[in-house]
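Q: Before anything else, here's the structure in question.
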Amino acid sequence: MNLYKQIAPLLYKMDAESAHEIAVKMMKIPQNFPLIESSIAKNHCVINETLSQNINGLRFYNPLGLASGFDKNAELVRPLSAMGFGFLELGSVTQMAQAGNPKPRIFRHIKENSLQNAMGFNNIGARGMLANLKNCYPFVVPLGINIGKNKLVAQVDSLTNYELSLQTLEGFGDYFVFNLSSPNTPNLRDLQNVEFVSELLKMAKNNTQKPLFIKISPDMEVDSMLAVVESAINSGASGIVATNTTIDYGVVATPNVRDGVPFGGISGAALREKSREVLRILGQHFFGKITLISVGGISSSDDVWERLKLGASLVQLFTALIYEGPSLIKKINKELAIKCKKEGVKNISEIVGSGIVKNL
C-alpha cells in the first residue's frame, strides 16, 4: 500500500473542499526547492517515445492529462507537471472573479469512488490566472485553459463574457476549451445549441489561431449532441472534450440533497459508463474529423486503452486522483508503455480509433 492510501482515510474525515485546499498548499512547497521538485519529476515522469503524439500542432509526451476543476487558478502548473501528466487543463476560469456556490459544495461517494460537486466556477478570474501563468512561464507540457461563464452575466451577454476571458489569456494557453456543460451555473447548459456554438467558435477564431474545443455534457439527447458537434466541426473547432459531470443522480446510491433535491454534478467511477457511451457515439460519427478528448470515470490503464480504441486521442482524469493518489499517473503511463510493447504497437496513436465499430 502506498503512502497516499495510508493517509487517505484521515483525509476522508475532513470536508472534501478543505482537504483539497490542504493538498494545494502541500503541492506548492516543492516549487521553492528545485532539487526536491526535480527529484519528484524524475521519479514520476514516464518518458517513452511510444506514448508521445503530435496533436493539433502540439506535442504530448503521454496521452494522460489532468481534467479541469483541479487547478482552477493555475497555481499548480509546475508540481502537476512534475507528477507526470502529459498535459494540463486549467480552470474553469471566468472573466470576473467569483466565489462560487454556497458551501458545502463538494461531497465524496466513497463506495462508488465518485464525487458530487456544485462548486459553481469559484476562481480568481482571468486576470488573476494570467498573473499566475506569467509566474511559471515557460511551460513544459501543453496547457489547456477551460473558460466558463460568470454566473451573474445575462445569457445575452454570454458571448462577450467568453470573449473577454479568451482575449486576456490567449497568449498563455496552448489550447482553449469552452465549458458550456457545467450543471452548477444556472442555464449554462442551454448554451449547448447549434446557434450559440457556431457564434462562439466564430468569435474565438477571430481572436486566436490556437486549437479550440467545446466541453459537452453526458446528459444530452443523442440527436442534439450530434447536431452540436457537427456545428462545432463546421465552425472550425479542433475538438470535443467529453464529458462533464452528470446530473443523472441514479448513478450513486445516496446523492446529497439540498432542500430535498439532489444538486451538483457526479464525477468519477459512477460516470464511467455514461462517458464511455458518449465517446463511443462520437467516435462512430466523427472520428478522423475532429480530436476527441475523453474524461469521466478513468482510473486505470485499461480505461485509457479502451477510450483510445474508441477514438479518443487524449484522456483526462481528476476524481481518480482523490481515491488513488498521485502515483496513479506513473502507474498508468508505465502500464500503457508495457501494453504497447506487448501488442507490437510502435506508437500509441496506432490504437486510436482501432475499436470503433462503424454503423452498417
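Labels for the C-alpha cells follow display order: chains A, B, ..., residues from 1 in each chain, ligands from 1.
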For Val140 (chain A), list every protein, DNA or RNA residue within 9 Å, evaluated using only C-alpha atoms, and leave out those in the same chain fewer than 3 positions away; present the list as a short mmCIF file (atom, residue, chain, number, x, y, z; two decimals) with C-alpha atoms, in the first residue's frame.
A:
```cif
data_model
loop_
_atom_site.label_atom_id
_atom_site.label_comp_id
_atom_site.auth_asym_id
_atom_site.auth_seq_id
_atom_site.Cartn_x
_atom_site.Cartn_y
_atom_site.Cartn_z
CA ARG A 78 4.88 23.10 -12.05
CA SER A 81 3.75 18.71 -14.50
CA PHE A 87 -0.86 17.95 -20.40
CA TYR A 137 6.21 30.53 -17.90
CA LEU A 143 -1.66 23.81 -21.15
#
```
Q: May I have the residues within 12 Å of Lys13 (chain A) as a PyMOL selection string, using only C-alpha atoms and disregarding those fewer than 5 positions away in the same chain?
A: chain A and resi 7-8+18-19+107-108+110
Q: For Thr208 (chain A), find every residue with an atom within 10 Å (counting only C-alpha atoms), except residues of its own chain fewer than 4 positions away, and show them as a list in words.
A: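 Listing them by chain and then by number gives Leu166, Gln167, Glu170, Gly171, Tyr175, Phe176, Met203, Ala204 and Leu212 of chain A.
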Q: So that I can see what lies close to Thr319 (chain A), please list as a list in words the residues with an atom at most 9 Å from it, counting only C-alpha atoms and leaving out residues fewer than 4 positions away in the same chain.
A: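 In the requested form, the answer reads Asn113, Ser114, Leu115, Ser267, Gly268, Ala269, Gly296, Gly297, Ile298, Ser299, Tyr323 and Glu324 of chain A.
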Q: Please return, as a ChimeraX atom specification, all residues of region 184-258 of chain A that DSSP assigns to alpha helix (DSSP H) on the basis of the backbone.
A: /A:194-205,222-234
Q: Between A:Ile332, A:Cys340, A:Leu279, A:Met119, which one has atoms that come closest to Leu310 (chain A), using only C-alpha atoms?
A: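 Result for the nearest residue to Leu310 (chain A): A:Leu279.
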Q: Could you list, as a list in words, every residue within 9 Å of Lys334 (chain A), counting only C-alpha atoms and ignoring same-chain residues fewer than 3 positions away?
A: Val46, Asn48, Ser301, Ile329, Lys330, Lys331, Ala337, Ile338 and Lys339 of chain A
Q: Can you write just those residues out, all heavy atoms, as a PDB file, in the first residue's frame?
A:
```pdb
ATOM      1  N   VAL A  46       7.142   9.426 -16.824  1.00  0.00           N
ATOM      2  CA  VAL A  46       7.491   8.279 -17.662  1.00  0.00           C
ATOM      3  C   VAL A  46       7.793   8.803 -19.063  1.00  0.00           C
ATOM      4  O   VAL A  46       6.892   9.258 -19.774  1.00  0.00           O
ATOM      5  CB  VAL A  46       6.345   7.255 -17.702  1.00  0.00           C
ATOM      6  CG1 VAL A  46       6.686   6.104 -18.646  1.00  0.00           C
ATOM      7  CG2 VAL A  46       6.045   6.737 -16.296  1.00  0.00           C
ATOM      8  N   ASN A  48       8.749   7.891 -22.582  1.00  0.00           N
ATOM      9  CA  ASN A  48       8.785   6.760 -23.507  1.00  0.00           C
ATOM     10  C   ASN A  48       8.207   7.250 -24.834  1.00  0.00           C
ATOM     11  O   ASN A  48       7.041   7.652 -24.902  1.00  0.00           O
ATOM     12  CB  ASN A  48       7.971   5.592 -22.956  1.00  0.00           C
ATOM     13  CG  ASN A  48       8.123   4.323 -23.765  1.00  0.00           C
ATOM     14  OD1 ASN A  48       8.037   4.342 -24.983  1.00  0.00           O
ATOM     15  ND2 ASN A  48       8.348   3.198 -23.085  1.00  0.00           N
ATOM     16  N   SER A 301      -5.087   1.953 -16.579  1.00  0.00           N
ATOM     17  CA  SER A 301      -4.566   1.878 -17.945  1.00  0.00           C
ATOM     18  C   SER A 301      -5.542   1.161 -18.862  1.00  0.00           C
ATOM     19  O   SER A 301      -5.616   1.456 -20.058  1.00  0.00           O
ATOM     20  CB  SER A 301      -3.203   1.168 -17.955  1.00  0.00           C
ATOM     21  OG  SER A 301      -3.321  -0.151 -17.448  1.00  0.00           O
ATOM     22  N   ILE A 329      -0.681   8.278 -11.817  1.00  0.00           N
ATOM     23  CA  ILE A 329      -0.257   8.804 -13.120  1.00  0.00           C
ATOM     24  C   ILE A 329       0.901   7.985 -13.672  1.00  0.00           C
ATOM     25  O   ILE A 329       0.877   7.534 -14.822  1.00  0.00           O
ATOM     26  CB  ILE A 329       0.141  10.285 -12.990  1.00  0.00           C
ATOM     27  CG1 ILE A 329      -0.981  11.077 -12.333  1.00  0.00           C
ATOM     28  CG2 ILE A 329       0.490  10.874 -14.352  1.00  0.00           C
ATOM     29  CD1 ILE A 329      -0.528  12.359 -11.690  1.00  0.00           C
ATOM     30  N   LYS A 330       1.923   7.787 -12.851  1.00  0.00           N
ATOM     31  CA  LYS A 330       3.073   6.983 -13.271  1.00  0.00           C
ATOM     32  C   LYS A 330       2.647   5.547 -13.572  1.00  0.00           C
ATOM     33  O   LYS A 330       3.082   4.954 -14.572  1.00  0.00           O
ATOM     34  CB  LYS A 330       4.143   7.001 -12.178  1.00  0.00           C
ATOM     35  CG  LYS A 330       5.366   6.159 -12.495  1.00  0.00           C
ATOM     36  CD  LYS A 330       6.373   6.225 -11.363  1.00  0.00           C
ATOM     37  CE  LYS A 330       7.605   5.376 -11.658  1.00  0.00           C
ATOM     38  NZ  LYS A 330       8.600   5.457 -10.550  1.00  0.00           N
ATOM     39  N   LYS A 331       1.803   4.987 -12.720  1.00  0.00           N
ATOM     40  CA  LYS A 331       1.353   3.603 -12.894  1.00  0.00           C
ATOM     41  C   LYS A 331       0.667   3.429 -14.240  1.00  0.00           C
ATOM     42  O   LYS A 331       0.962   2.475 -14.987  1.00  0.00           O
ATOM     43  CB  LYS A 331       0.404   3.232 -11.757  1.00  0.00           C
ATOM     44  CG  LYS A 331      -0.147   1.805 -11.821  1.00  0.00           C
ATOM     45  CD  LYS A 331      -1.012   1.526 -10.588  1.00  0.00           C
ATOM     46  CE  LYS A 331      -1.484   0.076 -10.555  1.00  0.00           C
ATOM     47  NZ  LYS A 331      -2.487  -0.198 -11.600  1.00  0.00           N
ATOM     48  N   ALA A 337       2.847   1.859 -21.669  1.00  0.00           N
ATOM     49  CA  ALA A 337       4.058   1.542 -22.429  1.00  0.00           C
ATOM     50  C   ALA A 337       4.237   0.027 -22.548  1.00  0.00           C
ATOM     51  O   ALA A 337       4.618  -0.495 -23.612  1.00  0.00           O
ATOM     52  CB  ALA A 337       5.273   2.180 -21.762  1.00  0.00           C
ATOM     53  N   ILE A 338       3.955  -0.704 -21.466  1.00  0.00           N
ATOM     54  CA  ILE A 338       4.065  -2.164 -21.478  1.00  0.00           C
ATOM     55  C   ILE A 338       3.033  -2.772 -22.440  1.00  0.00           C
ATOM     56  O   ILE A 338       3.336  -3.692 -23.208  1.00  0.00           O
ATOM     57  CB  ILE A 338       3.884  -2.723 -20.052  1.00  0.00           C
ATOM     58  CG1 ILE A 338       5.073  -2.325 -19.169  1.00  0.00           C
ATOM     59  CG2 ILE A 338       3.728  -4.240 -20.075  1.00  0.00           C
ATOM     60  CD1 ILE A 338       4.876  -2.627 -17.692  1.00  0.00           C
ATOM     61  N   LYS A 339       1.803  -2.242 -22.418  1.00  0.00           N
ATOM     62  CA  LYS A 339       0.765  -2.732 -23.321  1.00  0.00           C
ATOM     63  C   LYS A 339       1.170  -2.530 -24.775  1.00  0.00           C
ATOM     64  O   LYS A 339       0.962  -3.413 -25.627  1.00  0.00           O
ATOM     65  CB  LYS A 339      -0.561  -2.013 -23.053  1.00  0.00           C
ATOM     66  CG  LYS A 339      -1.281  -2.396 -21.772  1.00  0.00           C
ATOM     67  CD  LYS A 339      -2.533  -1.540 -21.587  1.00  0.00           C
ATOM     68  CE  LYS A 339      -3.240  -1.813 -20.280  1.00  0.00           C
ATOM     69  NZ  LYS A 339      -3.934  -3.115 -20.274  1.00  0.00           N
TER      70      LYS A 339
END
```
Q: Please identify all polymer residues within 12 Å of Asn187 (chain A), counting only C-alpha atoms, omitting same-chain residues fewer than 2 positions from it, and present them as a list of chain:residue names.
A: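 My reading of the contact set: A:Lys149, A:Asn150, A:Lys151, A:Leu152, A:Val153, A:Ala154, A:Gln155, A:Val156, A:Ser158, A:Leu180, A:Ser181, A:Ser182, A:Pro183, A:Asn184, A:Thr185, A:Arg189, A:Asp190, A:Leu191, A:Gln192.
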Q: Using only C-alpha atoms, which of the listed residues (A:Gly120, A:Gly125, A:Leu58, A:Val194) sits closest to Val141 (chain A)?
A: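 Selected residue with least distance to Val141 (chain A): A:Leu58.
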Q: Excluding Ile29 (chain A) and residues on its chain fewer than 5 positions from it, collect all residues at most 12 Å away from it, counting only C-alpha atoms, and give them as a list in words.
A: Ile22, Ala23, Val24, Pro34, Leu35, Ile36, Glu37, Ile40, Glu75, Leu76, Arg78 and Pro79 of chain A
Q: Can I get the selected residues back with N, CA and C atoms, as a short mmCIF file (atom, residue, chain, number, x, y, z; two decimals), in the first residue's frame?
A:
```cif
data_model
loop_
_atom_site.label_atom_id
_atom_site.label_comp_id
_atom_site.auth_asym_id
_atom_site.auth_seq_id
_atom_site.Cartn_x
_atom_site.Cartn_y
_atom_site.Cartn_z
N ILE A 22 -5.86 21.89 1.48
CA ILE A 22 -4.62 21.45 2.13
C ILE A 22 -3.68 20.82 1.11
N ALA A 23 -4.24 20.00 0.23
CA ALA A 23 -3.42 19.36 -0.80
C ALA A 23 -2.76 20.40 -1.69
N VAL A 24 -3.51 21.45 -2.06
CA VAL A 24 -2.94 22.52 -2.89
C VAL A 24 -1.76 23.17 -2.19
N PRO A 34 14.10 23.56 -5.73
CA PRO A 34 14.30 22.97 -7.06
C PRO A 34 14.79 21.53 -7.04
N LEU A 35 15.66 21.18 -6.11
CA LEU A 35 16.18 19.81 -6.07
C LEU A 35 15.07 18.81 -5.74
N ILE A 36 14.18 19.21 -4.83
CA ILE A 36 13.05 18.33 -4.49
C ILE A 36 12.10 18.21 -5.68
N GLU A 37 11.83 19.33 -6.31
CA GLU A 37 10.93 19.33 -7.46
C GLU A 37 11.51 18.46 -8.58
N ILE A 40 11.10 14.79 -7.71
CA ILE A 40 9.71 14.34 -7.92
C ILE A 40 9.47 14.04 -9.39
N GLU A 75 -2.40 27.59 -10.20
CA GLU A 75 -1.47 27.68 -9.07
C GLU A 75 -0.48 26.54 -9.04
N LEU A 76 -0.77 25.45 -9.76
CA LEU A 76 -0.03 24.21 -9.57
C LEU A 76 0.58 23.67 -10.86
N ARG A 78 3.60 23.79 -12.21
CA ARG A 78 4.88 23.10 -12.05
C ARG A 78 4.75 21.78 -11.28
N PRO A 79 4.14 21.76 -10.10
CA PRO A 79 4.03 20.48 -9.40
C PRO A 79 3.21 19.43 -10.13
#
```
Q: For Thr168 (chain A), which of A:Arg127, A:His285, A:Lys103, A:Lys202 is the closest residue, counting only C-alpha atoms?
A: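 For Thr168 (chain A), the nearest of the given residues is A:Arg127.
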Q: Of the candidates A:Phe286, A:Val222, A:Glu112, A:His20, which one gets nearest to Gly250 (chain A) if we count only C-alpha atoms?
A: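 Closest to Gly250 (chain A) of all the choices is A:Glu112.
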